[in-house]
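Colleague: Sharing my_file00.txt here; it has compact mmCIF, C-alpha atoms and all ligand atoms.
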```
# COMPACT_ATOMS: atom_id res chain seq x y z
CA MET A 251 65.60 -71.35 -166.91
CA PHE A 252 68.25 -70.29 -164.40
CA PHE A 253 70.08 -73.22 -162.79
CA LEU A 254 71.80 -73.24 -159.45
CA ASP A 255 73.96 -75.42 -157.26
CA VAL A 256 72.11 -76.17 -154.06
CA SER A 257 72.32 -78.01 -150.80
CA LEU A 258 69.82 -80.68 -149.88
CA GLU A 259 71.05 -81.22 -146.34
CA ILE A 260 68.89 -79.08 -144.10
CA THR A 261 66.80 -81.05 -141.71
CA ARG A 262 65.01 -78.80 -139.25
CA CYS A 263 63.00 -75.64 -139.65
CA ARG A 264 64.76 -73.65 -136.95
CA SER A 265 68.23 -74.63 -138.01
CA ILE A 266 69.06 -71.88 -140.50
CA SER A 267 68.73 -68.12 -140.49
CA ALA A 268 69.62 -65.24 -142.74
CA SER A 269 72.45 -64.30 -140.42
CA SER A 270 74.17 -67.70 -140.73
CA PRO A 271 72.94 -68.91 -144.07
CA SER A 272 75.46 -71.69 -144.66
CA VAL A 273 75.70 -73.15 -141.17
CA VAL A 274 73.20 -75.53 -139.57
CA ASP A 275 73.64 -76.20 -135.85
CA GLY A 276 77.36 -75.51 -136.18
CA ARG A 277 77.75 -77.76 -139.22
CA HIS A 278 78.40 -76.35 -142.65
CA ILE A 279 75.70 -77.08 -145.17
CA THR A 280 77.18 -79.23 -147.87
CA ARG A 281 76.41 -78.79 -151.52
CA ASN A 282 75.54 -81.80 -153.59
CA THR A 283 76.05 -79.83 -156.81
CA VAL A 284 72.74 -80.94 -158.25
CA SER A 285 71.54 -78.33 -160.72
CA MET A 286 67.96 -77.37 -160.17
CA SER A 287 65.67 -74.40 -160.54
CA LEU A 288 65.34 -71.90 -157.72
CA ARG A 289 61.82 -73.12 -157.05
CA SER A 290 63.02 -76.71 -156.75
CA ALA A 291 65.85 -75.59 -154.49
CA LEU A 292 63.44 -73.71 -152.25
CA ARG A 293 61.01 -76.60 -152.18
CA ALA A 294 63.79 -79.02 -151.21
CA GLN A 295 65.28 -76.73 -148.59
CA THR A 296 61.97 -75.90 -146.93
CA ALA A 297 60.30 -79.32 -147.11
CA ASP A 298 60.62 -79.81 -143.34
CA CYS A 299 59.15 -76.35 -142.70
CA HIS A 300 56.25 -77.09 -145.00
CA ALA A 301 55.54 -80.36 -143.24
CA ALA A 302 55.46 -78.46 -139.93
CA VAL A 303 53.04 -75.73 -141.09
CA ASP A 304 50.92 -78.31 -142.86
CA ALA A 305 50.56 -80.27 -139.62
CA LEU A 306 50.04 -77.18 -137.47
CA PHE A 307 47.48 -75.39 -139.61
CA GLY A 308 45.83 -78.68 -140.51
CA SER A 309 45.05 -79.11 -136.82
CA PHE A 310 42.77 -76.06 -136.74
CA ASN A 311 39.17 -77.19 -137.15
CA LEU A 312 38.09 -74.59 -139.68
CA SER A 313 34.45 -75.61 -139.49
CA ARG A 314 34.43 -74.23 -135.91
CA THR A 315 34.18 -70.45 -135.80
CA GLN A 316 36.58 -70.14 -132.84
CA ASP A 317 39.24 -72.16 -134.61
CA TYR A 318 38.72 -70.31 -137.85
CA LYS A 319 39.10 -66.95 -136.09
CA ALA A 320 42.29 -68.16 -134.46
CA PHE A 321 43.59 -69.42 -137.82
CA LEU A 322 42.94 -66.03 -139.43
CA ARG A 323 44.53 -64.20 -136.49
CA ALA A 324 47.64 -66.35 -136.83
CA HIS A 325 47.94 -65.47 -140.50
CA ALA A 326 47.21 -61.81 -139.72
CA ARG A 327 50.25 -61.78 -137.44
CA VAL A 328 52.44 -62.74 -140.39
CA VAL A 329 51.02 -61.75 -143.78
CA PRO A 330 50.94 -57.93 -143.32
CA SER A 331 54.47 -57.97 -141.87
CA VAL A 332 55.87 -60.04 -144.69
CA GLU A 333 54.03 -58.04 -147.34
CA HIS A 334 55.52 -54.82 -145.92
CA ALA A 335 58.96 -56.39 -145.78
CA LEU A 336 58.63 -57.47 -149.39
CA GLU A 337 57.61 -53.98 -150.41
CA ASN A 338 60.51 -52.46 -148.52
CA GLY A 339 62.74 -54.99 -150.25
CA GLY A 340 61.57 -53.96 -153.73
CA ILE A 341 59.11 -56.70 -154.69
CA GLY A 342 57.22 -54.11 -156.74
CA SER A 343 60.02 -53.91 -159.26
CA LEU A 344 60.51 -57.69 -159.39
CA LEU A 345 56.86 -58.63 -159.79
CA PRO A 346 54.81 -56.16 -161.82
CA ASP A 347 51.53 -57.76 -160.68
CA TRP A 348 52.50 -57.63 -157.00
CA PRO A 349 49.59 -55.32 -156.00
CA GLU A 350 47.08 -58.01 -157.05
CA ARG A 351 48.92 -60.62 -155.02
CA ARG A 352 48.62 -58.85 -151.68
CA ARG A 353 46.19 -60.41 -149.20
CA ALA A 354 46.52 -58.46 -145.95
CA HIS A 355 43.38 -56.47 -146.76
CA LEU A 356 41.42 -59.68 -147.43
CA LEU A 357 42.49 -61.08 -144.08
CA ALA A 358 41.51 -57.87 -142.32
CA ALA A 359 38.10 -57.90 -144.03
CA ASP A 360 37.41 -61.52 -142.98
CA ILE A 361 38.47 -60.78 -139.41
CA ARG A 362 36.27 -57.69 -139.23
CA GLU A 363 33.32 -59.60 -140.64
CA LEU A 364 33.78 -62.16 -137.86
CA ASP A 365 33.72 -59.34 -135.29
CA ASP A 366 37.20 -60.25 -134.21
CA ARG A 367 40.20 -58.07 -133.42
CA LEU A 368 43.24 -57.65 -135.62
CA PRO A 369 46.26 -59.08 -133.79
CA VAL A 370 49.55 -57.32 -133.21
CA PRO A 371 51.72 -58.36 -136.16
CA LEU A 372 55.03 -60.12 -135.65
CA PRO A 373 58.13 -58.08 -136.53
CA GLN A 374 58.93 -57.86 -140.21
CA PRO A 375 61.60 -60.28 -141.44
CA ALA A 376 64.78 -58.62 -142.66
CA LEU A 377 64.99 -59.05 -146.43
CA ARG A 378 68.36 -57.59 -147.25
CA CYS A 379 68.86 -58.76 -150.81
CA GLU A 380 66.95 -59.82 -153.88
CA ALA A 381 67.47 -63.49 -153.05
CA ALA A 382 65.80 -62.97 -149.67
CA VAL A 383 62.89 -61.14 -151.28
CA TRP A 384 62.28 -64.03 -153.68
CA GLY A 385 62.55 -66.58 -150.87
CA ALA A 386 59.98 -64.77 -148.73
CA ALA A 387 57.66 -64.18 -151.67
CA TYR A 388 57.84 -67.88 -152.50
CA VAL A 389 56.43 -68.77 -149.08
CA LEU A 390 53.59 -66.26 -149.23
CA GLU A 391 52.62 -67.25 -152.75
CA GLY A 392 52.96 -70.96 -151.99
CA SER A 393 50.70 -70.61 -148.97
CA LYS A 394 47.87 -69.85 -151.39
CA LEU A 395 48.08 -73.43 -152.68
CA GLY A 396 47.39 -74.85 -149.24
CA GLY A 397 44.78 -72.15 -148.67
CA VAL A 398 42.67 -73.44 -151.54
CA LEU A 399 42.49 -76.84 -149.85
CA LEU A 400 41.82 -75.38 -146.42
CA ALA A 401 39.00 -73.21 -147.79
CA GLU A 402 37.01 -76.37 -148.47
CA ALA A 403 36.63 -76.88 -144.73
CA VAL A 404 35.26 -73.38 -144.09
CA PRO A 405 31.44 -73.38 -143.89
CA ASP A 406 29.68 -71.23 -146.50
CA HIS A 407 28.32 -68.81 -143.92
CA LEU A 408 31.81 -67.75 -142.83
CA PRO A 409 33.83 -65.22 -144.86
CA SER A 410 36.69 -66.78 -146.80
CA ASN A 411 38.10 -64.02 -148.98
CA TYR A 412 41.60 -64.73 -147.71
CA LEU A 413 41.57 -68.46 -148.39
CA SER A 414 39.55 -68.45 -151.59
CA PRO A 415 41.41 -68.51 -154.84
CA GLN A 416 42.17 -65.00 -155.99
CA GLY A 417 43.82 -63.38 -158.90
CA PRO A 418 43.82 -64.27 -162.56
CA LYS A 419 44.12 -67.87 -163.70
CA GLY A 420 47.74 -68.88 -164.08
CA ALA A 421 49.02 -66.37 -161.49
CA MET A 422 50.83 -69.09 -159.53
CA ARG A 423 52.46 -70.53 -162.65
CA LEU A 424 53.54 -67.00 -163.61
CA PHE A 425 55.02 -66.42 -160.17
CA MET A 426 57.00 -69.68 -160.27
CA ASP A 427 58.25 -68.87 -163.78
CA ARG A 428 59.43 -65.44 -162.64
CA LEU A 429 61.06 -67.01 -159.59
CA ASP A 430 62.98 -69.38 -161.81
CA ALA A 431 63.92 -66.61 -164.23
CA SER A 432 65.22 -64.39 -161.42
CA LYS A 433 68.86 -63.39 -161.23
CA VAL A 434 69.37 -64.98 -157.82
CA ASP A 435 72.80 -66.52 -157.60
CA ASP A 436 72.67 -67.54 -153.95
CA PRO A 437 69.85 -70.01 -153.26
CA ILE A 438 71.09 -70.38 -149.68
CA LEU A 439 70.11 -66.77 -148.93
CA ALA A 440 66.74 -67.27 -150.61
CA ALA A 441 66.15 -70.45 -148.60
CA ALA A 442 67.18 -68.78 -145.33
CA ALA A 443 64.62 -66.02 -145.86
CA ALA A 444 61.97 -68.56 -146.84
CA ARG A 445 62.64 -70.54 -143.68
CA ASP A 446 62.43 -67.39 -141.59
CA VAL A 447 58.96 -66.70 -143.01
CA PHE A 448 57.86 -70.29 -142.37
CA GLU A 449 59.10 -69.78 -138.81
CA LEU A 450 56.87 -66.73 -138.40
CA PHE A 451 53.85 -68.78 -139.49
CA LEU A 452 54.80 -71.53 -137.06
CA LYS A 453 55.26 -69.11 -134.19
CA ALA A 454 51.97 -67.34 -134.86
CA GLY A 455 50.06 -70.57 -135.42
CA GLN A 456 51.31 -72.14 -132.20
CA ALA A 457 50.45 -69.04 -130.18
CA GLU A 458 46.93 -68.80 -131.56
CA LEU A 459 46.24 -72.53 -131.34
CA GLU A 460 47.20 -72.56 -127.67
CA ALA A 461 44.77 -69.72 -127.01
CA VAL A 462 41.76 -71.36 -128.69
CA PRO A 463 39.07 -71.89 -126.06
C1 LIG A 501 51.16 -71.00 -143.46
C2 LIG A 501 50.95 -72.18 -143.96
C3 LIG A 501 51.55 -72.66 -145.25
C4 LIG A 501 52.58 -72.16 -145.98
C5 LIG A 501 53.45 -70.94 -145.67
C6 LIG A 501 52.73 -73.01 -147.14
C7 LIG A 501 53.67 -72.83 -148.14
C8 LIG A 501 53.70 -73.52 -149.31
C9 LIG A 501 54.66 -73.35 -150.36
C10 LIG A 501 55.82 -72.39 -150.33
C11 LIG A 501 54.31 -74.17 -151.38
C12 LIG A 501 54.99 -74.28 -152.74
C13 LIG A 501 55.78 -75.58 -152.84
C14 LIG A 501 56.26 -75.78 -154.27
O1 LIG A 501 57.28 -75.18 -154.64
O2 LIG A 501 55.62 -76.52 -155.00
C15 LIG A 501 53.14 -74.89 -150.96
C16 LIG A 501 52.49 -75.83 -151.73
C17 LIG A 501 51.47 -76.60 -151.27
N1 LIG A 501 50.93 -76.61 -150.01
FE1 LIG A 501 51.41 -75.35 -148.53
N2 LIG A 501 51.78 -73.99 -147.10
C18 LIG A 501 51.04 -73.82 -145.96
C19 LIG A 501 50.04 -74.60 -145.49
C20 LIG A 501 49.55 -75.69 -146.15
C21 LIG A 501 48.55 -76.55 -145.62
C22 LIG A 501 47.89 -76.43 -144.25
C23 LIG A 501 48.33 -77.48 -146.58
C24 LIG A 501 47.38 -78.64 -146.52
C25 LIG A 501 46.11 -78.49 -146.43
C26 LIG A 501 49.19 -77.20 -147.68
C27 LIG A 501 49.22 -77.89 -148.87
C28 LIG A 501 49.96 -77.56 -149.96
C29 LIG A 501 49.84 -78.18 -151.26
C30 LIG A 501 48.87 -79.28 -151.66
C31 LIG A 501 50.78 -77.58 -152.09
C32 LIG A 501 51.01 -77.84 -153.56
C33 LIG A 501 52.14 -78.79 -153.79
C34 LIG A 501 52.35 -78.97 -155.28
O3 LIG A 501 51.97 -78.10 -156.08
O4 LIG A 501 52.91 -79.98 -155.64
N3 LIG A 501 49.93 -76.12 -147.37
N4 LIG A 501 52.78 -74.50 -149.70
```
Turn this file's structure into structure tokens for me.

Modeller:
Amino acid sequence: MFFLDVSLEITRCRSISASSPSVVDGRHITRNTVSMSLRSALRAQTADCHAAVDALFGSFNLSRTQDYKAFLRAHARVVPSVEHALENGGIGSLLPDWPERRRAHLLAADIRELDDRLPVPLPQPALRCEAAVWGAAYVLEGSKLGGVLLAEAVPDHLPSNYLSPQGPKGAMRLFMDRLDASKVDDPILAAAAARDVFELFLKAGQAELEAVP
């Protein structure tokens, strides 16, 4: 396993970006020199973001068709953009099974089946280095874990290809192992990209939730 020195002092989701990866609200992020895997570093540095998306997307009532449509639209604003950004950033050469991990087509199929419109996607995040690609991929892959739980609230008569578990058994474990085996030497850049992707989900989710009739 590849070990890294990381910071644990990031407190708000909006406080870090790829353009200023080591500064939070004017303060330098300190390093506590704890050695941990890249996955653990990302989990620690995005815990506040995860709490925010958990609360936001947990407030959609997925047993109501209108809410479910809005939920899917929110994700459709983000997932295709991030998948394209990952592909432009070279995810295909980092993850050989990347094609099976894509979900934009599943989202589009669910939305079509619900007779809804595909939303205008948010701009692609800039993933300028391998660390950023891994950070963004971590968020998309991790969102599948929450998706499995959320799928339980979707009534059987509604399409749930996007939220249902996909891919071969062990795919998540394999992803996390590859993440930890990656050659990333700057977890701050990976975390900044991860936080940017969480931000996209938050922005899209808030916009769609506000528009739910
Ligand atoms: C867009 C929305 C979401 C994103 C981007 C997201 C992202 C992530 C990420 C990156 C992880 C991996 C954390 C790790 O390293 O273990 C994760 C795990 C998880 N998420 Fe989410 N999540 C989202 C929504 C949700 C929601 C709404 C729930 C609750 C229903 C949820 C529940 C979980 C659970 C239970 C795990 C597994 C934690 C573990 O394995 O210990 N997530 N999520």

Colleague: Which residues of chain A sit at most 7 Å from ligand LIG 501 (chain A), using all atoms listed in the file? Give each one's shortest atom pair and distance in Å (one decimal place), in chain and ascending residue order, as a Markdown table.

Modeller:
```
| residue | atom | partner | partner_atom | distance |
| --- | --- | --- | --- | --- |
| A:Arg289 | CA | A:LIG501 | O1 | 5.5 |
| A:Ser290 | CA | A:LIG501 | O1 | 6.3 |
| A:Leu292 | CA | A:LIG501 | O1 | 6.8 |
| A:Arg293 | CA | A:LIG501 | O1 | 4.7 |
| A:His300 | CA | A:LIG501 | C6 | 5.8 |
| A:Val303 | CA | A:LIG501 | C2 | 5.0 |
| A:Asp304 | CA | A:LIG501 | C22 | 3.8 |
| A:Ala305 | CA | A:LIG501 | C22 | 6.6 |
| A:Phe307 | CA | A:LIG501 | C22 | 4.8 |
| A:Gly308 | CA | A:LIG501 | C22 | 4.8 |
| A:Tyr388 | CA | A:LIG501 | C10 | 5.4 |
| A:Val389 | CA | A:LIG501 | C10 | 3.9 |
| A:Leu390 | CA | A:LIG501 | C5 | 5.9 |
| A:Glu391 | CA | A:LIG501 | C10 | 6.5 |
| A:Gly392 | CA | A:LIG501 | C9 | 3.4 |
| A:Ser393 | CA | A:LIG501 | C6 | 3.6 |
| A:Lys394 | CA | A:LIG501 | N4 | 7.0 |
| A:Leu395 | CA | A:LIG501 | C17 | 4.9 |
| A:Gly396 | CA | A:LIG501 | C26 | 3.3 |
| A:Gly397 | CA | A:LIG501 | C20 | 6.5 |
| A:Leu399 | CA | A:LIG501 | C25 | 5.2 |
| A:Leu400 | CA | A:LIG501 | C25 | 5.3 |
| A:Phe448 | CA | A:LIG501 | C5 | 5.5 |
| A:Phe451 | CA | A:LIG501 | C1 | 5.3 |
```

Colleague: Mind pulling up the distance from CA of Pro369 in chain A to CA of Leu452 in chain A?

Modeller: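 So the two atoms, CA of Leu452 in chain A and CA of Pro369 in chain A, lie 15.4 Å apart.
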
Colleague: Using only C-alpha atoms, can you tell me which of A:Ser287, A:Leu377, A:Asp298, A:Gly340 comes closest to Asp427 in chain A?

Modeller: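 Using only C-alpha atoms, the shortest distance to Asp427 in chain A belongs to A:Ser287.
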
Colleague: CA of Arg327 in chain A and CA of Ala444 in chain A are how many Å apart?

Modeller: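 Separating CA of Arg327 in chain A from CA of Ala444 in chain A is a distance of 16.5 Å.
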
Colleague: Hey, which of A:Gly385, A:Pro463, A:Gly455, A:Pro349 ends up closest to Asp430 in chain A? Count only C-alpha atoms.

Modeller: A:Gly385

Colleague: Considering all atoms listed in the file, return as a ChimeraX atom specification whatever protein or nucleic-acid residues lie within 12 Å of Gly342 in chain A, sequence-local ones (same chain, fewer than 4 positions apart) excluded.

Modeller: /A:333-338,346-352,380,383-384,387

Colleague: So what do you get for CA of Val398 in chain A versus CA of Ser410 in chain A, distance-wise?

Modeller: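 Pair CA of Val398 in chain A / CA of Ser410 in chain A returns 10.1 Å.
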
Colleague: Calculated over all atoms listed in the file, which of the candidates A:Arg378, A:Arg353, A:Arg362, A:Arg428 has the smallest distance to His325 in chain A?

Modeller: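 Of the candidates, the smallest distance to His325 in chain A is held by A:Arg353.
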
Colleague: Pick the closest to Ala401 in chain A from A:Leu312, A:Ala354, A:Val332, A:Ala294: which is it, counting all atoms listed in the file?

Modeller: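 Of A:Leu312, A:Ala354, A:Val332, A:Ala294, the one nearest Ala401 in chain A, counting all atoms listed in the file, is A:Leu312.
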
Colleague: Leaving out Pro409 in chain A and any residue of its chain fewer than 4 positions from it, which residues lie within 10 Å of it when counting only C-alpha atoms, given as a VMD selection string?

Modeller: chain A and resid 318 356 to 357 359 to 364 401 404 to 405 413 to 414

Colleague: Excluding Glu458 in chain A and any residue of its chain fewer than 4 positions from it, enumerate the residues within 8 Å of it, using all atoms listed in the file, and give them as an NGL selection string.

Modeller: :A and (320-321 or 323-324 or 454 or 462)
